[in-house]
Structure formats: structure tokens, C-alpha cells
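Student: For reference, the file my_file-v2.csv (CSV, C-alpha atoms) is included below:
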```csv
chain,number,residue,atom,x,y,z
A,1180,MET,CA,14.7,-25.4,22.5
A,1181,PHE,CA,17.0,-24.3,19.8
A,1182,LEU,CA,16.2,-25.9,16.4
A,1183,SER,CA,19.1,-27.0,14.2
A,1184,ASP,CA,18.8,-26.4,10.4
A,1185,ARG,CA,17.8,-30.1,9.9
A,1186,GLN,CA,15.2,-29.9,12.7
A,1187,THR,CA,13.7,-26.7,11.2
A,1188,GLU,CA,13.4,-28.4,7.8
A,1189,ILE,CA,11.8,-31.5,9.4
A,1190,VAL,CA,9.2,-29.2,11.0
A,1191,ASP,CA,8.6,-27.5,7.7
A,1192,MET,CA,8.2,-30.9,6.0
A,1193,ALA,CA,5.8,-32.0,8.7
A,1194,LYS,CA,3.7,-28.8,8.2
A,1195,ALA,CA,3.5,-29.3,4.5
A,1196,SER,CA,2.4,-33.0,4.6
A,1197,GLY,CA,1.0,-33.4,8.1
A,1198,ARG,CA,3.3,-36.4,8.8
A,1199,VAL,CA,6.9,-37.4,8.4
A,1200,PHE,CA,8.5,-40.8,8.4
A,1201,VAL,CA,11.9,-41.8,9.9
A,1202,GLU,CA,13.1,-43.8,6.8
A,1203,ASP,CA,12.1,-41.0,4.4
A,1204,LEU,CA,13.8,-38.4,6.5
A,1205,ALA,CA,17.0,-40.5,6.8
A,1206,ALA,CA,17.2,-40.9,3.1
A,1207,HIS,CA,16.4,-37.2,2.5
A,1208,PHE,CA,19.2,-35.9,4.8
A,1209,SER,CA,21.6,-38.8,4.2
A,1210,VAL,CA,21.9,-39.6,7.9
A,1211,THR,CA,21.1,-42.7,9.9
A,1212,PRO,CA,17.6,-43.5,11.2
A,1213,GLN,CA,18.9,-43.2,14.7
A,1214,THR,CA,19.9,-39.6,14.1
A,1215,ILE,CA,16.4,-38.9,12.8
A,1216,ARG,CA,14.8,-40.6,15.7
A,1217,LYS,CA,16.8,-38.4,18.1
A,1218,ASP,CA,15.7,-35.3,16.1
A,1219,LEU,CA,12.0,-36.4,16.3
A,1220,ASN,CA,12.2,-37.2,20.0
A,1221,ASP,CA,13.7,-33.8,20.7
A,1222,LEU,CA,11.0,-32.1,18.7
A,1223,CYS,CA,8.3,-34.1,20.3
A,1224,ASP,CA,9.7,-33.5,23.8
A,1225,ALA,CA,9.5,-29.8,23.0
A,1226,GLN,CA,5.9,-30.4,21.8
A,1227,VAL,CA,6.7,-29.1,18.3
A,1228,LEU,CA,5.6,-32.5,16.8
A,1229,THR,CA,3.7,-35.5,18.0
A,1230,ARG,CA,5.5,-38.8,17.9
A,1231,VAL,CA,3.8,-41.8,16.2
A,1232,HIS,CA,5.0,-45.2,15.2
A,1233,GLY,CA,7.6,-44.8,12.4
A,1234,GLY,CA,7.6,-41.0,12.4
A,1235,ALA,CA,5.8,-37.9,13.7
A,1236,LEU,CA,2.8,-35.7,13.1
A,1237,PHE,CA,2.4,-32.0,13.0
A,1238,PRO,CA,0.0,-30.8,15.7
A,1239,SER,CA,-3.7,-30.5,14.7
A,1240,GLY,CA,-5.3,-27.3,13.7
A,1241,THR,CA,-6.9,-26.8,17.1
A,1242,GLU,CA,-3.8,-26.3,19.2
A,1243,ASN,CA,-0.8,-24.0,18.6
A,1244,VAL,CA,2.8,-24.9,18.8
A,1245,LYS,CA,4.4,-24.1,22.2
A,1246,TYR,CA,5.8,-20.6,22.6
A,1247,GLU,CA,9.5,-21.4,22.8
A,1248,ALA,CA,9.3,-23.6,19.7
A,1249,ARG,CA,7.4,-20.8,17.9
A,1250,ARG,CA,10.2,-18.4,18.7
A,1251,GLN,CA,12.7,-20.6,16.9
A,1252,ILE,CA,10.5,-21.3,13.8
A,1253,ALA,CA,11.4,-18.8,10.9
A,1254,ALA,CA,13.4,-16.7,13.4
A,1255,ASP,CA,15.5,-14.9,10.8
A,1256,GLU,CA,12.4,-14.2,8.7
A,1257,LYS,CA,10.6,-12.8,11.8
A,1258,GLN,CA,13.6,-10.5,12.5
A,1259,SER,CA,13.5,-9.1,8.9
A,1260,ILE,CA,9.7,-8.6,9.1
A,1261,GLY,CA,10.1,-6.8,12.4
A,1262,LEU,CA,12.7,-4.4,11.0
A,1263,ALA,CA,10.4,-3.7,8.0
A,1264,ALA,CA,7.4,-3.0,10.2
A,1265,ALA,CA,9.4,-0.7,12.5
A,1266,ALA,CA,10.6,1.3,9.5
A,1267,LEU,CA,6.9,2.2,8.8
A,1268,ILE,CA,6.4,3.6,12.2
A,1269,PRO,CA,7.6,7.2,12.8
A,1270,ASN,CA,8.8,8.7,16.0
A,1271,ASN,CA,6.1,10.4,18.1
A,1272,ALA,CA,3.5,7.9,17.2
A,1273,SER,CA,1.0,5.8,19.2
A,1274,LEU,CA,0.6,2.1,18.5
A,1275,PHE,CA,-0.8,-1.2,19.6
A,1276,ILE,CA,1.4,-4.3,19.6
A,1277,ASN,CA,-0.5,-7.6,19.9
A,1278,ILE,CA,0.4,-11.1,21.2
A,1279,GLY,CA,2.8,-13.2,19.1
A,1280,THR,CA,6.4,-14.0,18.4
A,1281,THR,CA,6.5,-11.9,15.2
A,1282,THR,CA,4.9,-8.9,16.9
A,1283,GLU,CA,7.6,-9.3,19.5
A,1284,ALA,CA,10.2,-9.0,16.7
A,1285,VAL,CA,8.6,-5.7,15.8
A,1286,GLY,CA,9.0,-4.6,19.4
A,1287,GLU,CA,12.6,-5.5,19.4
A,1288,ALA,CA,13.1,-3.4,16.2
A,1289,LEU,CA,11.6,-0.3,17.8
A,1290,ILE,CA,14.4,0.2,20.3
A,1291,ASN,CA,15.9,3.2,18.5
A,1292,HIS,CA,12.6,5.0,18.1
A,1293,ARG,CA,11.8,8.1,20.1
A,1294,GLU,CA,8.7,9.3,21.9
A,1295,LEU,CA,6.5,6.3,21.2
A,1296,MET,CA,3.4,5.4,23.1
A,1297,VAL,CA,3.1,1.6,23.0
A,1298,ILE,CA,-0.1,-0.1,24.2
A,1299,THR,CA,0.2,-3.8,24.4
A,1300,ASN,CA,-1.3,-7.0,25.8
A,1301,ASN,CA,2.0,-8.7,25.4
A,1302,ILE,CA,4.1,-8.9,28.6
A,1303,ASN,CA,7.2,-9.8,26.7
A,1304,VAL,CA,7.0,-6.6,24.6
A,1305,ALA,CA,6.2,-4.4,27.7
A,1306,ASN,CA,9.1,-5.9,29.6
A,1307,ARG,CA,11.5,-5.1,26.8
A,1308,LEU,CA,10.4,-1.6,25.9
A,1309,ARG,CA,9.8,-0.4,29.5
A,1310,LEU,CA,13.6,-0.2,29.8
A,1311,LEU,CA,13.8,2.6,27.2
A,1312,PRO,CA,13.4,6.1,28.6
A,1313,SER,CA,11.9,7.5,25.4
A,1314,MET,CA,9.0,5.0,25.4
A,1315,GLU,CA,5.7,5.3,27.2
A,1316,VAL,CA,4.5,1.7,27.7
A,1317,VAL,CA,0.9,1.0,28.6
A,1318,ILE,CA,-0.1,-2.6,29.4
A,1319,ALA,CA,-3.6,-4.0,29.2
A,1320,GLY,CA,-5.2,-5.6,32.2
A,1321,GLY,CA,-6.8,-9.1,32.1
A,1322,VAL,CA,-6.0,-12.8,32.3
A,1323,VAL,CA,-2.3,-13.5,31.8
A,1324,ARG,CA,-1.9,-16.6,29.6
A,1325,ALA,CA,0.9,-18.7,31.3
A,1326,SER,CA,2.1,-20.2,28.0
A,1327,ASP,CA,3.4,-17.0,26.4
A,1328,GLY,CA,2.6,-14.0,28.6
A,1329,GLY,CA,-0.3,-12.8,26.5
A,1330,ILE,CA,-3.1,-10.9,28.3
A,1331,VAL,CA,-6.5,-11.9,27.1
A,1332,GLY,CA,-10.2,-11.8,28.0
A,1333,GLU,CA,-13.0,-9.2,28.3
A,1334,ALA,CA,-11.0,-6.9,30.6
A,1335,ALA,CA,-8.3,-6.6,28.0
A,1336,VAL,CA,-10.8,-5.9,25.3
A,1337,ASP,CA,-12.5,-3.1,27.3
A,1338,PHE,CA,-9.0,-1.6,28.0
A,1339,ILE,CA,-8.1,-1.5,24.3
A,1340,ARG,CA,-11.3,0.2,23.4
A,1341,GLN,CA,-10.3,3.2,25.5
A,1342,PHE,CA,-7.7,4.2,22.8
A,1343,LYS,CA,-7.6,5.3,19.2
A,1344,VAL,CA,-4.0,5.0,18.0
A,1345,ASP,CA,-2.0,5.7,14.8
A,1346,TYR,CA,-0.8,2.1,14.2
A,1347,ALA,CA,-1.6,-1.4,15.2
A,1348,VAL,CA,0.8,-4.4,14.8
A,1349,ILE,CA,-1.0,-7.7,14.7
A,1350,GLY,CA,-0.1,-11.3,13.9
A,1351,ALA,CA,-2.0,-14.4,13.0
A,1352,SER,CA,-1.4,-18.1,13.6
A,1353,ALA,CA,-2.7,-19.0,10.1
A,1354,ILE,CA,-3.8,-17.3,6.9
A,1355,ASP,CA,-6.3,-19.0,4.7
A,1356,GLN,CA,-6.2,-18.7,0.9
A,1357,ASP,CA,-9.4,-16.8,1.0
A,1358,GLY,CA,-7.7,-14.1,3.2
A,1359,ALA,CA,-9.1,-15.2,6.5
A,1360,LEU,CA,-6.7,-14.4,9.4
A,1361,LEU,CA,-7.0,-17.2,12.0
A,1362,ASP,CA,-6.0,-18.0,15.5
A,1363,TYR,CA,-6.5,-20.7,18.2
A,1364,ASP,CA,-7.8,-18.8,21.3
A,1365,PHE,CA,-11.1,-17.0,20.9
A,1366,ARG,CA,-10.1,-14.8,23.9
A,1367,GLU,CA,-7.0,-13.6,22.0
A,1368,VAL,CA,-9.1,-13.1,18.9
A,1369,LYS,CA,-11.5,-10.7,20.7
A,1370,VAL,CA,-8.5,-8.6,21.8
A,1371,ALA,CA,-7.1,-8.6,18.2
A,1372,GLN,CA,-10.5,-7.5,16.8
A,1373,ALA,CA,-10.6,-4.6,19.3
A,1374,ILE,CA,-7.1,-3.6,18.3
A,1375,ILE,CA,-8.0,-3.6,14.6
A,1376,ALA,CA,-11.1,-1.5,15.2
A,1377,ASN,CA,-9.2,1.2,17.2
A,1378,ALA,CA,-6.2,1.9,14.9
A,1379,ARG,CA,-5.9,4.2,12.0
A,1380,HIS,CA,-3.3,2.0,10.2
A,1381,VAL,CA,-3.2,-1.8,10.7
A,1382,ILE,CA,0.0,-3.7,10.0
A,1383,LEU,CA,-0.2,-7.5,9.7
A,1384,VAL,CA,3.1,-9.3,10.3
A,1385,ALA,CA,3.3,-13.0,9.5
A,1386,ASP,CA,6.0,-15.2,8.0
A,1387,SER,CA,5.2,-17.5,5.1
A,1388,THR,CA,4.8,-20.6,7.2
A,1389,LYS,CA,1.4,-19.2,8.3
A,1390,PHE,CA,0.1,-20.0,4.8
A,1391,GLU,CA,0.7,-23.6,5.5
A,1392,ARG,CA,-1.2,-23.8,8.8
A,1393,THR,CA,-4.8,-23.8,9.9
A,1394,ALA,CA,-6.6,-22.6,13.0
A,1395,PRO,CA,-10.2,-22.6,14.0
A,1396,VAL,CA,-11.0,-19.0,15.1
A,1397,ARG,CA,-11.4,-16.1,12.7
A,1398,ILE,CA,-9.7,-12.8,13.6
A,1399,ALA,CA,-10.5,-10.8,10.5
A,1400,GLN,CA,-10.1,-10.6,6.8
A,1401,LEU,CA,-6.9,-9.6,5.0
A,1402,SER,CA,-9.0,-6.7,3.5
A,1403,GLN,CA,-9.2,-5.2,6.9
A,1404,VAL,CA,-5.5,-4.4,7.2
A,1405,ASN,CA,-3.6,-1.6,5.5
A,1406,THR,CA,-0.1,-3.3,5.2
A,1407,PHE,CA,0.8,-6.9,5.2
A,1408,ILE,CA,4.5,-7.7,5.8
A,1409,THR,CA,5.8,-11.3,5.2
A,1410,ASP,CA,9.1,-12.8,4.0
A,1411,HIS,CA,7.5,-14.0,0.7
A,1412,CYS,CA,4.1,-14.7,-0.7
A,1413,GLU,CA,3.6,-17.0,-3.6
A,1414,ILE,CA,-0.1,-17.5,-3.1
A,1415,ASP,CA,-1.9,-16.0,-6.1
A,1416,SER,CA,-5.2,-15.6,-4.2
A,1417,ILE,CA,-3.5,-13.6,-1.4
A,1418,GLN,CA,-1.7,-11.4,-3.9
A,1419,ASP,CA,-4.9,-10.8,-5.7
A,1420,LEU,CA,-6.7,-9.9,-2.5
A,1421,CYS,CA,-4.0,-7.4,-1.6
A,1422,ARG,CA,-4.3,-5.7,-5.0
A,1423,GLU,CA,-8.1,-5.6,-5.0
A,1424,ASN,CA,-8.4,-4.2,-1.5
A,1425,GLY,CA,-5.5,-1.7,-1.5
A,1426,VAL,CA,-3.4,-3.7,1.0
A,1427,ARG,CA,0.3,-2.9,0.7
A,1428,LEU,CA,2.2,-6.2,0.4
A,1429,ILE,CA,5.8,-6.0,1.6
A,1430,GLU,CA,8.0,-9.1,1.0
A,1431,THR,CA,11.2,-8.8,2.9
A,1432,ASP,CA,13.0,-11.5,0.9
A,1433,ARG,CA,12.4,-9.5,-2.3
A,1434,ARG,CA,13.4,-6.3,-0.6
A,1435,LEU,CA,16.7,-7.9,0.5
A,1436,GLN,CA,17.3,-9.3,-3.0
A,1437,SER,CA,16.7,-5.8,-4.5
A,1438,MET,CA,19.2,-4.3,-2.1
A,1439,GLN,CA,21.8,-6.9,-2.9
A,1440,SER,CA,21.3,-6.4,-6.6
A,1441,ALA,CA,21.8,-2.6,-6.2
A,1442,GLU,CA,25.1,-3.2,-4.5
```
Once you've parsed the file, please lay out its structure as C-alpha cells.

Tutor:
Amino acid sequence: MFLSDRQTEIVDMAKASGRVFVEDLAAHFSVTPQTIRKDLNDLCDAQVLTRVHGGALFPSGTENVKYEARRQIAADEKQSIGLAAAALIPNNASLFINIGTTTEAVGEALINHRELMVITNNINVANRLRLLPSMEVVIAGGVVRASDGGIVGEAAVDFIRQFKVDYAVIGASAIDQDGALLDYDFREVKVAQAIIANARHVILVADSTKFERTAPVRIAQLSQVNTFITDHCEIDSIQDLCRENGVRLIETDRRLQSMQSAE
């Protein structure tokens, strides 16, 4: 499903408050309640929101938004994050790329790199990069998750542990204010933990909507990554954690603003 600007803002409002109401949204956007009801019905059909009488709810913290909907949320921000992450990875490097729509954006941004060895448990990344003759793509074995093409489970963990790579690109479904990196599927988390443990430089890629979400399973702490790339971070506790633990924080919105100012 492609989200319109209004639908994207509705989703953001639902994330922030947990629930949105038809009448409030109609007044906010200066449109009819019928228009809002259609937006909500479309979002609920795509399983982005859950329809209730008079409005809609954002999904609970125990279940992730569906894959196609996640691809559309903060799509421009993810593209910028992907480009910034790719700029940190030199040619002739080895790297892990984990499951996630933001990590997939990093994979897309690597298409002009040369002589990379990419080890991934993300079928979508492997399928894209395998077409490039300068890439060596190694894909993990294990259970393929039908919802998004992620490969999870103990077999994938054992496979990852065979390697020690230069870089790892990981994502998170949610980031708590205490720096906990969180996800929904404990099987995916075990793979992510193996990736972190077997990389020399860990790059966390996550757009700012992840600060507004919650998930039940802990991947790691922010202090365990080397570089954190997001569109913007206004959470004081996260900024403090980055400074205290030597985590490089890259905010792509600020970088873009600096480039525009220089022009």
C-alpha cells in the first residue's frame, strides 16, 4: 500500500497518542469525516492501524506493522539513512546486513561499491545485491519468515557465528529512552545478537519514529554499537548515552541542512 501524505501523518499521530478519532482528524485536515473514514479503512485493511468505533488504534507493542506498510513509513528518511550508512563502508570490506526495511535501504545504497562480501539473513537484500558482479553475497540458512523474507532461528545464528566481519548493519523496531534496542520476534533478536558479537564496527540504522514505539524483546543496548544513524534525535537521554559511550550519532536531517547552508 502506498501511503498518502495525509495517511502518513495519521499514522504518526496514532503512534504518538495510541488512538485517533474521525472527528478530530477531519477538523485537523479540514476534510470531511467521510474522507477520514476512507483513510482509516484503507490503513486498517493494510493492517497499519486497527479500526475501532469512532476512530482507529495503533497496533500494540507486541506485534509489528506489516512489511509493506513499514516500507512506506518514513521512506524518504530511510533512503537518506541508507546513503549515510553506505558512505561509511569502504570498498573491499566484509559486512553483515540484518533484517529490516531500513537495512534494506542500506543495501540499495551499496550498489556502486566494489568487492564487498555481504553476509545477510535478509532475502530482499540478497536478491538485490546478487545481480551485481562486484559483490559476493552469502545468505544465511534457517527458517524463512513469510511476512518479510527474513531468515531466523538457531540455524541462522550458527551460520552467522562462522564469520568475523568488518561492519554490521542492524536495525531495531523500537528504541527505549534508556538506550534499549527492541524487537518483536525473539528468533530475529538472537540473529541480531550474533551479528553484533561478530562484527568489528556495528552501525545501527533507525528512523526517528522508532523512538515513539515499543517492543517486548531486547536486542542490545545502544552502548554496544559504534555508530547510530537516524534522521533526527531530539531525545536528551539518547544523545547523552551516545556521548558517554563513544557512539557516533549521525543525524541525516542536520547533515542535509548543513549542506544546503553551505550552498

Student: Just the residues within 9 Å of Lys1389 (chain A), please, counting only C-alpha atoms, with nothing from its chain fewer than 4 positions along; format it as a ChimeraX atom specification.

Tutor: /A:1351-1355,1385,1393

Student: I want to know what sits within 9 Å of region 1275-1290 of chain A, based on only C-alpha atoms, with residues of the same chain fewer than 6 positions away left out; could you give that as a ChimeraX atom specification?

Tutor: /A:1246,1249-1250,1254,1257-1266,1268,1296-1305,1307-1308,1311,1314,1327-1330,1339,1344-1352,1367,1370-1371,1374,1378,1383-1386

Student: Just to confirm, what's the straight-line distance from CA of Cys1223 (chain A) to CA of Gln1186 (chain A) in Å (one decimal)?

Tutor: 11.1 Å

Student: To one decimal in Å, tell me the separation between CA of Val1404 (chain A) and CA of Ile1382 (chain A).

Tutor: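 Interatomic distance, CA of Val1404 (chain A) to CA of Ile1382 (chain A): 6.2 Å.
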
Student: So how many Å separate CA of Ile1252 (chain A) and CA of Ile1417 (chain A), to one decimal?

Tutor: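 Distance reported for this atom pair: 22.1 Å.
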
Student: Within 10 Å of Ser1402 (chain A), counting only C-alpha atoms, which residues show up once you throw out same-chain ones fewer than 3 positions away? Write them as a compact mmCIF listing (two decimals) with C-alpha atoms, keeping the file's coordinate frame, please.

Tutor:
```
# COMPACT_ATOMS: atom_id res chain seq x y z
CA GLY A 1358 -7.70 -14.10 3.20
CA ALA A 1359 -9.10 -15.20 6.50
CA LEU A 1360 -6.70 -14.40 9.40
CA ALA A 1399 -10.50 -10.80 10.50
CA ASN A 1405 -3.60 -1.60 5.50
CA THR A 1406 -0.10 -3.30 5.20
CA PHE A 1407 0.80 -6.90 5.20
CA LEU A 1420 -6.70 -9.90 -2.50
CA CYS A 1421 -4.00 -7.40 -1.60
CA ARG A 1422 -4.30 -5.70 -5.00
CA GLU A 1423 -8.10 -5.60 -5.00
CA ASN A 1424 -8.40 -4.20 -1.50
CA GLY A 1425 -5.50 -1.70 -1.50
CA VAL A 1426 -3.40 -3.70 1.00
```

Student: Can you tell me, as a list of chain:residue names, what residues are no more than 9 Å from Val1396 (chain A) when counting all atoms listed in the file, ignoring any on the same chain fewer than 6 positions away?

Tutor: A:Leu1360, A:Leu1361, A:Asp1362, A:Tyr1363, A:Asp1364, A:Phe1365, A:Val1368
